[in-house]
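S.K.: Before anything else, here's the structure in question.
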Protein chains: 2
Amino acid sequence: MATTSLPRTSNRSAVLAALLSGTEMDRQQLISDTGLSRATVFRIVDDLMAESLVREGARVLRDGPGRQSTSVAFDDRSALVCGIDLGGTNCRVVVADALGRAVIRSRDATPRDAGADELAAWVAGRVADLVARYGDGVPLTTVTIGLPGVVTGDGRSVVASHNLGQITGTRFIEAVSARFGVPTVVGNDSNLALLGELQYGSLPERETAVLLAMGTGLGSAVSLDGRVLVGRTGLLGEFGRLPLPGRDQRLRDLLSGADLVAYARGRGADVPTAQALFAEPEKHADLLAEVHGALTHLVTVVALAYEPGTVVLTGGFSESFGAARLAEISDRVAEAVGVRSVVRRADLGDSAGLLGSMASSLGRYYESLGVSTAHAASVAVDRDLVVGRLDACPTAPGAAGHDATTRTTHDDQMAEG
Amino acid sequence: MATTSLPRTSNRSAVLAALLSGTEMDRQQLISDTGLSRATVFRIVDDLMAESLVREGARVLRDGPGRQSTSVAFDDRSALVCGIDLGGTNCRVVVADALGRAVIRSRDATPRDAGADELAAWVAGRVADLVARYGDGVPLTTVTIGLPGVVTGDGRSVVASHNLGQITGTRFIEAVSARFGVPTVVGNDSNLALLGELQYGSLPERETAVLLAMGTGLGSAVSLDGRVLVGRTGLLGEFGRLPLPGRDQRLRDLLSGADLVAYARGRGADVPTAQALFAEPEKHADLLAEVHGALTHLVTVVALAYEPGTVVLTGGFSESFGAARLAEISDRVAEAVGVRSVVRRADLGDSAGLLGSMASSLGRYYESLGVSTAHAASVAVDRDLVVGRLDACPTAPGAAGHDATTRTTHDDQMAEG
DNA sequence: ACAATTCCTCTCACGCTGAGATTAATTCGT
DNA sequence: ACGAATTAATCTCAGCGTGAGAGGAATTGT
């Protein structure tokens, strides 16, 4: 019901969105950015300062005569948000300030043998510890967890997980939400990786894009017009399950690390890892042709299904495809079905999922402040700054209580998707 | 810019949306429906009456004591809208009042030999004639044309058409828009058919749905959350182009009327039409198994791509699949990939495209009145009434000037998609 | 005819916005 | 050092739209 206060909240949202870029601004600049009147902007900024969401910035010197304006800035100490990438091998955590600038991050071996409750307690405890030690008293407001499994559209249940069985069902999600005590959302890791690429990678935010997560499994994520699609049961985009007509195989039998090794053995090529196949291209020419054909077919399917501007590949298995090979696939798809999509590797590498989880948390925090989705979409984030801060921010020492001995970076990459 | 007048337009939109159901209403009912105050509702209704968008209705008798309320109703004579289904064989037109109730419809043989300009002039002239003769002086406001071809996302160009070559490019669209002189939009006929099914069929409006248009060609349309997807170049969902891995065929070679006949001949089955294959299932068992396999694969692809609640089939070719067969396909897909979608024939038959075009025109007319999309989605339309009126409304005599001799209903069905 | 009931019209206060006037701070010129 | 010029911040006020209530108008029952 459109009450009188509707413009107020909308204007507040516009001012907040302008400030969320993180840059210290003039009130004058807010006036011209939002198109609102002086009086309105001053009132809203006063309100925001009273809520201590906005603080006075250092004075910006202007060379002409006249009174100097006192600049204002969004208070990055108003809240902390948390993004988690819970993989089958490693669990990565980032805690960031209200502007998405990483404060602390960690990387621990996932306690894969733990049950649902135990795992939930471990994750929540780890984050609580990080916040307590490095959060400087700023409260944690929102948490997002990327999971290697099929998450239903309502985010209440995990349908299947190929390498972390204890998270299936509702128990883990309920337990971890209860432990955190702040709004906690779980999502599919591929979907969150795509969100990360959209927010902090070089993907145009409004362009249709598809992410193919090629690790031990094969997952994918789709964004249309800036929104990441989520099906009812979360199976949307699970093209790994697609049977190939005329043969007794699914797409993932050829395009996921785990299954390809098994298939290669069946064909007489006894290799330890999928990468080993690509290391000797002449020796395994037939097999590799099949793999390339399967990837071409997968790209063809997503090209027709979504007509994406870009298809990005992540995950350890995707490293086996060079840029030239991907360009060739793009050409073949364009020739076959008329849809031209750029096919390339993702920008953010294995940090995409972590950054996507953080972006999701950040988005929900902004929403809780009253930023409308329309305004949120127009927030100009400094991508390089955020990504750089993630790389540069301190890494917390390993978790106590659980042995985090075997940390193989390589395995973790393969566990994506 | 959120100005002060924002609530005004929003409230006006809410009142209009409540009235657009077409039922005569009390002002009191408007108050409770919209949640607005008495004064506001009265003012808005006064405004709408001054614009003659709303008229006084017949008095509704209430049995108790007290003053009788004068009911109001949206004025169905405020405007006419037009929906056109321009097929390769037939061209159907419906002119409807502002509530979507058909006033007049026509069905003529499409002048397939006409050039772009000539065809545009013919279509526009036909509609102008209908409006002049049966429109009772009510002005035509919006036109939507469904075309059997790939229409780009901006609606400015036709990329390809398998049975109406002269509409390709921008010339036809520009010519027809200029001739009409009112806002004219063109769209892919499959997309508009899905819109028709969503608005006036039994598809839940917010549920994800896929329409497979199986006629001479093979097209499809997808709606997510009530919105029909349109790709940049309009190739989104053109799964007919999907190559089948391991064989030198595309999906449409097996699933479109025209191509299946050619394929059957190549396999030694010399049949005149695709239907003839299905008439003798034992004789063509192998071929039919291939066709069923292809359809199963197509449903599998769309099931994974969009996770639809329902997959509806339209077009002459779809008649060859019985309900039992479709249920079996649904089962096989659910078993293979875990996505359960209802697979069935469409409700509206070959009128879906026409109704979808009309719905599109109607929607744009409502938008021009200031009904926000949020409110438009909640308009309760009486589906049976609208569909019934289309069937019952008078049909104009055939077009003069062009020979409309051969009107084979069957051919037209095959031309869908 | 009169009360009771219900619908409609009128008036007014509230909240928010935007425009202008006023005050405060700062630079430049003399 | 002091005032003119310039720019930022504050103050005041009218306009707009809404919602709430008071009063008038129409209709039914006794």
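A note on labels: chains of the structure tokens are A, B, ... as shown, every chain counts residues from 1, and ligands are counted from 1 in their shown order.
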Return the neighbours of chain A among the residues of chain C, cut-off 6 Å, counting only C-alpha atoms (C1' of nucleotides), as a list in words.

M.R.: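 That gives the following set of residues: DA25, DT26 and DT27 of chain C.
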
S.K.: What lies within 10 Å of C:DT11 using only C-alpha atoms (C1' of nucleotides), ignoring chain neighbours under 6 positions off, as a PyMOL selection string?

M.R.: chain D and resi 21-23

S.K.: Next, write the just-selected residues to a file, as a tab-separated table (two decimals), in the first residue's frame, keeping N, CA and C atoms (P, O5', C5', C4', C3', O3' and C1' of nucleotides) as the atom set.

M.R.:
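Writing the result to result.tsv gives the following:
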chain	number	residue	atom	x	y	z
D	21	DG	P	-10.28	8.94	13.00
D	21	DG	O5'	-11.39	10.09	13.01
D	21	DG	C5'	-11.01	11.39	13.42
D	21	DG	C4'	-11.93	12.42	12.81
D	21	DG	C3'	-13.43	12.20	13.10
D	21	DG	O3'	-13.94	13.32	13.80
D	21	DG	C1'	-13.06	12.73	10.81
D	22	DA	P	-15.40	13.25	14.39
D	22	DA	O5'	-16.15	14.40	13.56
D	22	DA	C5'	-15.56	15.70	13.48
D	22	DA	C4'	-16.35	16.57	12.51
D	22	DA	C3'	-17.86	16.54	12.74
D	22	DA	O3'	-18.40	17.84	12.56
D	22	DA	C1'	-17.37	15.78	10.54
D	23	DG	P	-19.85	18.18	13.06
D	23	DG	O5'	-20.71	18.12	11.73
D	23	DG	C5'	-20.48	19.11	10.72
D	23	DG	C4'	-20.98	18.60	9.38
D	23	DG	C3'	-22.50	18.39	9.29
D	23	DG	O3'	-23.03	19.26	8.30
D	23	DG	C1'	-21.30	16.59	8.30

S.K.: Quick check for you: according to DSSP on this backbone, which residues of stretch 224-261 of chain A are classed as alpha helix (DSSP H)? Reply as JSON, numbers by chain.

M.R.: {"A": [251, 252, 253, 254, 255, 257, 258, 259, 260, 261]}

S.K.: Could you name the residues that touch A:Ala359 at 8 Å or less, counting only C-alpha atoms (C1' of nucleotides), but leaving out those on the same chain fewer than 6 positions away, as a ChimeraX atom specification?

M.R.: /A:83,100,195-196,199

S.K.: With all heavy atoms kept, could you save the residues just selected as a PDB file, in the first residue's frame?

M.R.:
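In the end it all went to result_11.pdb:
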ATOM      1  N   GLY A  83      31.368 -14.166   3.996  1.00  0.00           N
ATOM      2  CA  GLY A  83      31.154 -15.078   2.875  1.00  0.00           C
ATOM      3  C   GLY A  83      31.955 -16.338   3.098  1.00  0.00           C
ATOM      4  O   GLY A  83      33.094 -16.285   3.575  1.00  0.00           O
ATOM      5  N   GLY A 100      32.447  -4.158   1.670  1.00  0.00           N
ATOM      6  CA  GLY A 100      32.959  -5.310   0.951  1.00  0.00           C
ATOM      7  C   GLY A 100      34.467  -5.402   0.935  1.00  0.00           C
ATOM      8  O   GLY A 100      35.035  -6.124   0.123  1.00  0.00           O
ATOM      9  N   LEU A 195      27.770 -15.097  -9.367  1.00  0.00           N
ATOM     10  CA  LEU A 195      27.495 -13.800  -8.753  1.00  0.00           C
ATOM     11  C   LEU A 195      28.785 -13.038  -8.501  1.00  0.00           C
ATOM     12  O   LEU A 195      28.865 -11.824  -8.754  1.00  0.00           O
ATOM     13  CB  LEU A 195      26.732 -14.012  -7.440  1.00  0.00           C
ATOM     14  CG  LEU A 195      26.303 -12.752  -6.701  1.00  0.00           C
ATOM     15  CD1 LEU A 195      25.318 -11.962  -7.537  1.00  0.00           C
ATOM     16  CD2 LEU A 195      25.672 -13.106  -5.358  1.00  0.00           C
ATOM     17  N   GLY A 196      29.793 -13.751  -8.025  1.00  0.00           N
ATOM     18  CA  GLY A 196      31.082 -13.105  -7.803  1.00  0.00           C
ATOM     19  C   GLY A 196      31.675 -12.556  -9.086  1.00  0.00           C
ATOM     20  O   GLY A 196      32.162 -11.426  -9.128  1.00  0.00           O
ATOM     21  N   GLN A 199      29.786  -9.435 -10.092  1.00  0.00           N
ATOM     22  CA  GLN A 199      30.007  -8.262  -9.252  1.00  0.00           C
ATOM     23  C   GLN A 199      31.437  -7.767  -9.330  1.00  0.00           C
ATOM     24  O   GLN A 199      31.677  -6.571  -9.377  1.00  0.00           O
ATOM     25  CB  GLN A 199      29.693  -8.609  -7.786  1.00  0.00           C
ATOM     26  CG  GLN A 199      28.225  -8.758  -7.493  1.00  0.00           C
ATOM     27  CD  GLN A 199      27.605  -7.434  -7.067  1.00  0.00           C
ATOM     28  OE1 GLN A 199      28.249  -6.394  -7.082  1.00  0.00           O
ATOM     29  NE2 GLN A 199      26.341  -7.484  -6.700  1.00  0.00           N
TER      30      GLN A 199
END

S.K.: What does the structure give for the distance between atom CA of B:Leu61 and atom CA of B:Glu24, in Å to one decimal?

M.R.: 12.4 Å

S.K.: How large is the C-alpha RMSD when chain B is optimally fitted onto chain A, using all Cα positions paired one-to-one in sequence order?

M.R.: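 In short, the RMSD is 0.1 Å.
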
S.K.: Using only C-alpha atoms for the distances, tell me which of B:Glu197, B:Asp391, B:Asp253, B:Asp97 is nearest to B:Leu80.

M.R.: B:Asp97

S.K.: Neighbouring residues of stretch 231-236 of chain A were defined as those with any atom within 10 Å, considering only C-alpha atoms (C1' of nucleotides); residues of the same chain fewer than 5 positions away were excluded. Please report them as a ChimeraX atom specification.

M.R.: /A:149-155,157-160,187-188,191,219-222,241 /B:207-208,224,302-309,337-340

S.K.: Keeping only N, CA, C and O atoms, take the residues you just selected and write them out as a short mmCIF file (atom, residue, chain, number, x, y, z; two decimals), in the first residue's frame.

M.R.:
data_model
loop_
_atom_site.label_atom_id
_atom_site.label_comp_id
_atom_site.auth_asym_id
_atom_site.auth_seq_id
_atom_site.Cartn_x
_atom_site.Cartn_y
_atom_site.Cartn_z
N GLY A 149 26.73 -28.51 -3.84
CA GLY A 149 25.59 -29.39 -3.97
C GLY A 149 24.40 -28.66 -4.56
O GLY A 149 24.45 -27.46 -4.81
N VAL A 150 23.36 -29.43 -4.78
CA VAL A 150 22.14 -28.88 -5.36
C VAL A 150 21.28 -28.32 -4.25
O VAL A 150 20.80 -29.06 -3.38
N VAL A 151 21.10 -27.02 -4.24
CA VAL A 151 20.33 -26.35 -3.19
C VAL A 151 18.98 -25.96 -3.76
O VAL A 151 18.90 -25.37 -4.85
N THR A 152 17.93 -26.27 -3.04
CA THR A 152 16.59 -25.93 -3.54
C THR A 152 16.41 -24.42 -3.61
O THR A 152 17.12 -23.66 -2.96
N GLY A 153 15.42 -24.02 -4.41
CA GLY A 153 15.20 -22.61 -4.66
C GLY A 153 14.94 -21.80 -3.41
O GLY A 153 15.34 -20.64 -3.33
N ASP A 154 14.29 -22.39 -2.42
CA ASP A 154 14.00 -21.64 -1.20
C ASP A 154 15.19 -21.63 -0.25
O ASP A 154 15.13 -21.01 0.81
N GLY A 155 16.26 -22.33 -0.60
CA GLY A 155 17.45 -22.32 0.24
C GLY A 155 17.31 -23.07 1.54
O GLY A 155 18.09 -22.89 2.47
N SER A 157 17.02 -26.56 1.73
CA SER A 157 17.39 -27.98 1.68
C SER A 157 18.44 -28.23 0.61
O SER A 157 18.47 -27.55 -0.41
N VAL A 158 19.29 -29.20 0.87
CA VAL A 158 20.27 -29.63 -0.12
C VAL A 158 19.82 -30.97 -0.68
O VAL A 158 19.57 -31.91 0.08
N VAL A 159 19.67 -31.03 -1.99
CA VAL A 159 19.13 -32.23 -2.62
C VAL A 159 20.22 -33.27 -2.81
O VAL A 159 20.01 -34.45 -2.60
N ALA A 160 21.40 -32.83 -3.22
CA ALA A 160 22.47 -33.78 -3.50
C ALA A 160 23.80 -33.07 -3.42
O ALA A 160 23.91 -31.89 -3.74
N GLY A 187 23.72 -21.27 -0.62
CA GLY A 187 23.46 -21.32 -2.05
C GLY A 187 24.42 -22.28 -2.71
O GLY A 187 25.40 -22.72 -2.11
N ASN A 188 24.11 -22.61 -3.94
CA ASN A 188 25.00 -23.46 -4.71
C ASN A 188 26.29 -22.71 -5.03
O ASN A 188 26.28 -21.52 -5.35
N ASN A 191 26.45 -21.04 -8.48
CA ASN A 191 25.64 -19.84 -8.58
C ASN A 191 26.34 -18.66 -7.91
O ASN A 191 26.33 -17.54 -8.43
N GLY A 219 29.06 -28.43 -12.87
CA GLY A 219 27.91 -27.61 -12.52
C GLY A 219 27.85 -26.41 -13.42
O GLY A 219 28.76 -26.15 -14.21
N SER A 220 26.77 -25.69 -13.33
CA SER A 220 26.70 -24.46 -14.11
C SER A 220 25.77 -23.49 -13.42
O SER A 220 25.00 -23.85 -12.53
N ALA A 221 25.87 -22.24 -13.83
CA ALA A 221 25.01 -21.19 -13.29
C ALA A 221 24.71 -20.23 -14.41
O ALA A 221 25.49 -20.05 -15.33
N VAL A 222 23.55 -19.60 -14.32
CA VAL A 222 23.08 -18.73 -15.39
C VAL A 222 22.59 -17.43 -14.79
O VAL A 222 21.91 -17.43 -13.77
N ARG A 241 24.06 -33.85 -15.88
CA ARG A 241 23.15 -35.00 -15.91
C ARG A 241 22.58 -35.26 -17.30
O ARG A 241 21.86 -36.23 -17.49
N GLU B 207 4.55 -19.69 -12.60
CA GLU B 207 5.34 -20.90 -12.69
C GLU B 207 6.20 -20.88 -13.95
O GLU B 207 5.79 -20.36 -14.98
N THR B 208 7.38 -21.43 -13.86
CA THR B 208 8.23 -21.54 -15.03
C THR B 208 7.60 -22.52 -16.02
O THR B 208 7.20 -23.61 -15.64
N LEU B 224 9.95 -17.43 -17.31
CA LEU B 224 10.45 -17.58 -15.96
C LEU B 224 9.77 -16.54 -15.09
O LEU B 224 9.86 -15.33 -15.37
N VAL B 302 15.36 -28.99 -21.99
CA VAL B 302 14.65 -27.85 -21.41
C VAL B 302 14.41 -28.06 -19.92
O VAL B 302 14.38 -27.09 -19.15
N ALA B 303 14.25 -29.31 -19.51
CA ALA B 303 14.06 -29.57 -18.08
C ALA B 303 15.28 -29.12 -17.30
O ALA B 303 15.17 -28.48 -16.25
N LEU B 304 16.47 -29.43 -17.81
CA LEU B 304 17.69 -29.04 -17.12
C LEU B 304 17.96 -27.55 -17.29
O LEU B 304 18.52 -26.90 -16.41
N ALA B 305 17.59 -27.01 -18.44
CA ALA B 305 17.91 -25.61 -18.71
C ALA B 305 17.04 -24.66 -17.89
O ALA B 305 17.53 -23.62 -17.44
N TYR B 306 15.78 -25.02 -17.69
CA TYR B 306 14.87 -24.06 -17.06
C TYR B 306 14.14 -24.63 -15.84
O TYR B 306 13.50 -23.90 -15.11
N GLU B 307 14.17 -25.93 -15.69
CA GLU B 307 13.42 -26.58 -14.61
C GLU B 307 11.97 -26.15 -14.60
O GLU B 307 11.46 -25.62 -13.60
N PRO B 308 11.27 -26.35 -15.71
CA PRO B 308 9.89 -25.85 -15.79
C PRO B 308 8.92 -26.73 -15.02
O PRO B 308 9.13 -27.94 -14.89
N GLY B 309 7.87 -26.10 -14.51
CA GLY B 309 6.80 -26.88 -13.92
C GLY B 309 6.01 -27.61 -14.98
O GLY B 309 5.55 -28.72 -14.77
N VAL B 337 17.13 -37.31 -15.07
CA VAL B 337 17.83 -36.13 -14.56
C VAL B 337 17.23 -35.56 -13.29
O VAL B 337 17.76 -34.59 -12.74
N GLY B 338 16.11 -36.12 -12.81
CA GLY B 338 15.59 -35.68 -11.52
C GLY B 338 14.64 -34.51 -11.57
O GLY B 338 14.15 -34.08 -10.53
N VAL B 339 14.38 -34.00 -12.75
CA VAL B 339 13.45 -32.87 -12.85
C VAL B 339 12.10 -33.38 -13.32
O VAL B 339 11.99 -34.01 -14.38
N ARG B 340 11.09 -33.10 -12.53
CA ARG B 340 9.75 -33.55 -12.85
C ARG B 340 8.96 -32.39 -13.43
O ARG B 340 8.69 -31.40 -12.77
#

S.K.: Determine, for each residue of chain D having at least one atom at most 8 Å from an atom of chain A, the closest pair of atoms and their separation in Å to one decimal, counting only C-alpha atoms (C1' of nucleotides); order by chain and ascending number, as CSV.

M.R.:
residue,atom,partner,partner_atom,distance
D:DT6,C1',A:Gly66,CA,4.5
D:DT7,C1',A:Gly66,CA,4.0
D:DA8,C1',A:Arg67,CA,5.4
D:DG17,C1',A:Thr4,CA,7.8
D:DT18,C1',A:Thr4,CA,6.4

S.K.: Enumerate as a VMD selection string all residues of stretch 54-250 of chain A assigned to strand (DSSP E) by DSSP on the backbone, naming them with the chain letters and numbers the document uses.

M.R.: chain A and resid 54 to 56 72 to 74 80 to 86 90 to 97 102 to 109 140 to 147 150 to 151 158 to 160 184 to 188 209 to 214 218 to 224 227 to 228 243 to 244 249 to 250

S.K.: Under the rule that only C-alpha atoms are counted, which of B:Ser320, B:Ser361, B:Thr110, B:Ser341 is the nearest residue to chain A?

M.R.: B:Ser341

S.K.: Can you work out the spacing between atom CA of A:Ala327 and atom CA of A:Leu211 in Å, to one decimal?

M.R.: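 Pair atom CA of A:Ala327 / atom CA of A:Leu211 returns 16.0 Å.
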
S.K.: For D:DA14, which of C:DA1, C:DA19, C:DC8, C:DA13 is the closest residue, counting only C-alpha atoms (C1' of nucleotides)?

M.R.: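 Looking only at the distances to D:DA14, the closest residue turns out to be C:DA19.
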